>>> print(open('coords_30.csv').read())   # CSV, N, CA and C atoms
chain,number,residue,atom,x,y,z
A,15,MET,N,146.2,-50.3,-40.1
A,15,MET,CA,145.3,-49.4,-40.8
A,15,MET,C,145.3,-48.0,-40.1
A,16,PHE,N,145.2,-46.9,-40.8
A,16,PHE,CA,145.3,-45.6,-40.3
A,16,PHE,C,144.0,-45.2,-39.7
A,17,LYS,N,144.0,-44.7,-38.5
A,17,LYS,CA,142.8,-44.2,-37.8
A,17,LYS,C,143.0,-42.7,-37.6
A,18,GLN,N,142.0,-41.9,-37.9
A,18,GLN,CA,142.0,-40.5,-37.7
A,18,GLN,C,141.5,-40.1,-36.3
A,19,ASP,N,142.3,-39.3,-35.7
A,19,ASP,CA,141.9,-38.8,-34.3
A,19,ASP,C,140.9,-37.7,-34.4
A,20,PRO,N,139.7,-37.9,-34.0
A,20,PRO,CA,138.7,-36.9,-34.1
A,20,PRO,C,138.9,-35.6,-33.3
A,21,SER,N,139.8,-35.7,-32.4
A,21,SER,CA,140.2,-34.5,-31.6
A,21,SER,C,141.1,-33.5,-32.3
A,22,LYS,N,141.7,-34.0,-33.4
A,22,LYS,CA,142.6,-33.1,-34.2
A,22,LYS,C,142.0,-32.7,-35.5
A,23,SER,N,142.2,-31.5,-35.9
A,23,SER,CA,141.7,-31.1,-37.2
A,23,SER,C,142.7,-30.1,-37.8
A,24,PHE,N,142.6,-29.9,-39.1
A,24,PHE,CA,143.5,-29.0,-39.8
A,24,PHE,C,142.7,-28.0,-40.6
A,25,THR,N,143.1,-26.8,-40.6
A,25,THR,CA,142.5,-25.8,-41.4
A,25,THR,C,143.6,-25.2,-42.4
A,26,PHE,N,143.3,-25.3,-43.7
A,26,PHE,CA,144.2,-24.8,-44.6
A,26,PHE,C,143.6,-23.5,-45.3
A,27,GLU,N,144.4,-22.5,-45.3
A,27,GLU,CA,144.0,-21.2,-45.9
A,27,GLU,C,144.9,-20.9,-47.1
A,28,PHE,N,144.4,-20.4,-48.2
A,28,PHE,CA,145.2,-20.0,-49.3
A,28,PHE,C,145.5,-18.5,-49.2
A,29,ASN,N,146.7,-18.2,-49.2
A,29,ASN,CA,147.2,-16.8,-49.1
A,29,ASN,C,147.8,-16.4,-50.4
A,30,GLU,N,147.1,-15.6,-51.2
A,30,GLU,CA,147.6,-15.3,-52.6
A,30,GLU,C,149.0,-14.6,-52.5
A,31,GLN,N,149.2,-13.7,-51.6
A,31,GLN,CA,150.5,-13.0,-51.5
A,31,GLN,C,151.6,-14.0,-51.2
A,32,GLY,N,151.3,-14.9,-50.2
A,32,GLY,CA,152.4,-15.9,-49.9
A,32,GLY,C,152.7,-16.8,-51.1
A,33,ALA,N,151.6,-17.2,-51.8
A,33,ALA,CA,151.8,-18.0,-53.0
A,33,ALA,C,152.6,-17.3,-54.0
A,34,ASN,N,152.4,-16.0,-54.2
A,34,ASN,CA,153.1,-15.3,-55.2
A,34,ASN,C,154.6,-15.1,-54.8
A,35,GLU,N,154.9,-14.9,-53.5
A,35,GLU,CA,156.2,-14.8,-53.0
A,35,GLU,C,157.0,-16.2,-53.2
A,36,VAL,N,156.3,-17.3,-52.9
A,36,VAL,CA,157.0,-18.6,-53.1
A,36,VAL,C,157.2,-18.8,-54.6
A,37,SER,N,156.3,-18.5,-55.5
A,37,SER,CA,156.5,-18.6,-56.9
A,37,SER,C,157.6,-17.8,-57.4
A,38,GLU,N,157.8,-16.6,-56.9
A,38,GLU,CA,158.9,-15.7,-57.3
A,38,GLU,C,160.2,-16.3,-56.8
A,39,GLN,N,160.2,-16.8,-55.6
A,39,GLN,CA,161.5,-17.4,-55.1
A,39,GLN,C,161.9,-18.7,-56.0
A,40,ILE,N,160.9,-19.5,-56.3
A,40,ILE,CA,161.2,-20.6,-57.2
A,40,ILE,C,161.7,-20.2,-58.5
A,41,MET,N,161.1,-19.2,-59.1
A,41,MET,CA,161.5,-18.8,-60.4
A,41,MET,C,162.9,-18.1,-60.4
A,42,ASP,N,163.2,-17.4,-59.3
A,42,ASP,CA,164.5,-16.8,-59.1
A,42,ASP,C,165.6,-17.9,-59.0
A,43,SER,N,165.3,-19.0,-58.3
A,43,SER,CA,166.2,-20.1,-58.1
A,43,SER,C,166.4,-20.8,-59.5
A,44,TYR,N,165.3,-21.0,-60.2
A,44,TYR,CA,165.4,-21.6,-61.5
A,44,TYR,C,166.2,-20.8,-62.5
A,45,ASN,N,165.9,-19.5,-62.5
A,45,ASN,CA,166.6,-18.6,-63.5
A,45,ASN,C,168.1,-18.4,-63.1
A,46,SER,N,168.5,-18.6,-61.8
A,46,SER,CA,169.9,-18.5,-61.5
A,46,SER,C,170.6,-19.8,-61.8
A,47,GLY,N,169.9,-20.8,-62.1
A,47,GLY,CA,170.6,-22.1,-62.5
A,47,GLY,C,170.7,-23.0,-61.3
A,48,PHE,N,170.2,-22.6,-60.1
A,48,PHE,CA,170.3,-23.5,-58.9
A,48,PHE,C,169.4,-24.7,-59.1
A,49,ILE,N,168.2,-24.5,-59.6
A,49,ILE,CA,167.3,-25.6,-59.8
A,49,ILE,C,167.6,-26.2,-61.2
A,50,GLY,N,167.7,-27.5,-61.3
A,50,GLY,CA,168.0,-28.2,-62.5
A,50,GLY,C,169.4,-28.5,-62.7
A,51,GLN,N,170.3,-27.9,-61.9
A,51,GLN,CA,171.7,-28.1,-62.1
A,51,GLN,C,172.1,-29.6,-61.8
A,52,ASP,N,171.5,-30.2,-60.7
A,52,ASP,CA,171.8,-31.6,-60.4
A,52,ASP,C,171.2,-32.5,-61.4
A,53,PHE,N,170.1,-32.2,-62.0
A,53,PHE,CA,169.5,-33.0,-63.0
A,53,PHE,C,170.4,-33.1,-64.2
A,54,GLU,N,171.0,-31.9,-64.6
A,54,GLU,CA,171.9,-32.0,-65.8
A,54,GLU,C,173.2,-32.8,-65.5
A,55,VAL,N,173.7,-32.7,-64.3
A,55,VAL,CA,174.9,-33.5,-63.9
A,55,VAL,C,174.6,-34.9,-64.0
A,56,ASN,N,173.4,-35.3,-63.4
A,56,ASN,CA,173.0,-36.7,-63.4
A,56,ASN,C,172.8,-37.3,-64.8
A,57,ASN,N,172.3,-36.4,-65.7
A,57,ASN,CA,172.1,-36.9,-67.1
A,57,ASN,C,173.4,-37.1,-67.8
A,58,GLU,N,174.4,-36.2,-67.5
A,58,GLU,CA,175.7,-36.3,-68.1
A,58,GLU,C,176.4,-37.6,-67.6
A,59,ASN,N,176.3,-37.9,-66.3
A,59,ASN,CA,176.9,-39.1,-65.8
A,59,ASN,C,176.2,-40.4,-66.4
A,60,THR,N,174.9,-40.3,-66.6
A,60,THR,CA,174.2,-41.5,-67.1
A,60,THR,C,174.6,-41.7,-68.6
A,61,ALA,N,174.7,-40.6,-69.3
A,61,ALA,CA,175.1,-40.7,-70.7
A,61,ALA,C,176.5,-41.3,-70.8
A,62,GLN,N,177.5,-40.9,-69.9
A,62,GLN,CA,178.8,-41.4,-70.0
A,62,GLN,C,178.8,-42.9,-69.7
A,63,SER,N,178.1,-43.3,-68.7
A,63,SER,CA,178.1,-44.7,-68.3
A,63,SER,C,177.5,-45.6,-69.3
A,64,THR,N,176.5,-45.1,-70.1
A,64,THR,CA,175.9,-45.9,-71.1
A,64,THR,C,176.7,-46.0,-72.4
A,65,THR,N,177.6,-45.1,-72.6
A,65,THR,CA,178.5,-45.1,-73.8
A,65,THR,C,179.8,-45.9,-73.6
A,66,GLU,N,180.1,-46.1,-72.3
A,66,GLU,CA,181.4,-46.8,-72.0
A,66,GLU,C,181.3,-48.3,-72.2
>>> encode(input="coords_30.csv", output="structure tokens")
Amino acid sequence: MFKQDPSKSFTFEFNEQGANEVSEQIMDSYNSGFIGQDFEVNNENTAQSTTE
């Protein structure tokens, strides 16, 4: 069973500028074709193996 150590704590802060930068990087990767490329290849391989 997991026991939480009371001497340790975490503080999370939301930084809107950082969130916007990360969102922009993700969209740039998606638009460049980097994200989703592996998914398409896997779907093609699956389609070929099921039709054989």
>>> atom_distance(input="coords_30.csv", atom1="atom C of Ile49 of chain A", atom2="atom N of Val36 of chain A")
16.6 Å
>>> atom_distance(input="coords_30.csv", atom1="atom N of Gln39 of chain A", atom2="atom C of Phe26 of chain A")
20.7 Å
>>> atom_distance(input="coords_30.csv", atom1="atom C of Glu30 of chain A", atom2="atom CA of Ser46 of chain A")
23.1 Å
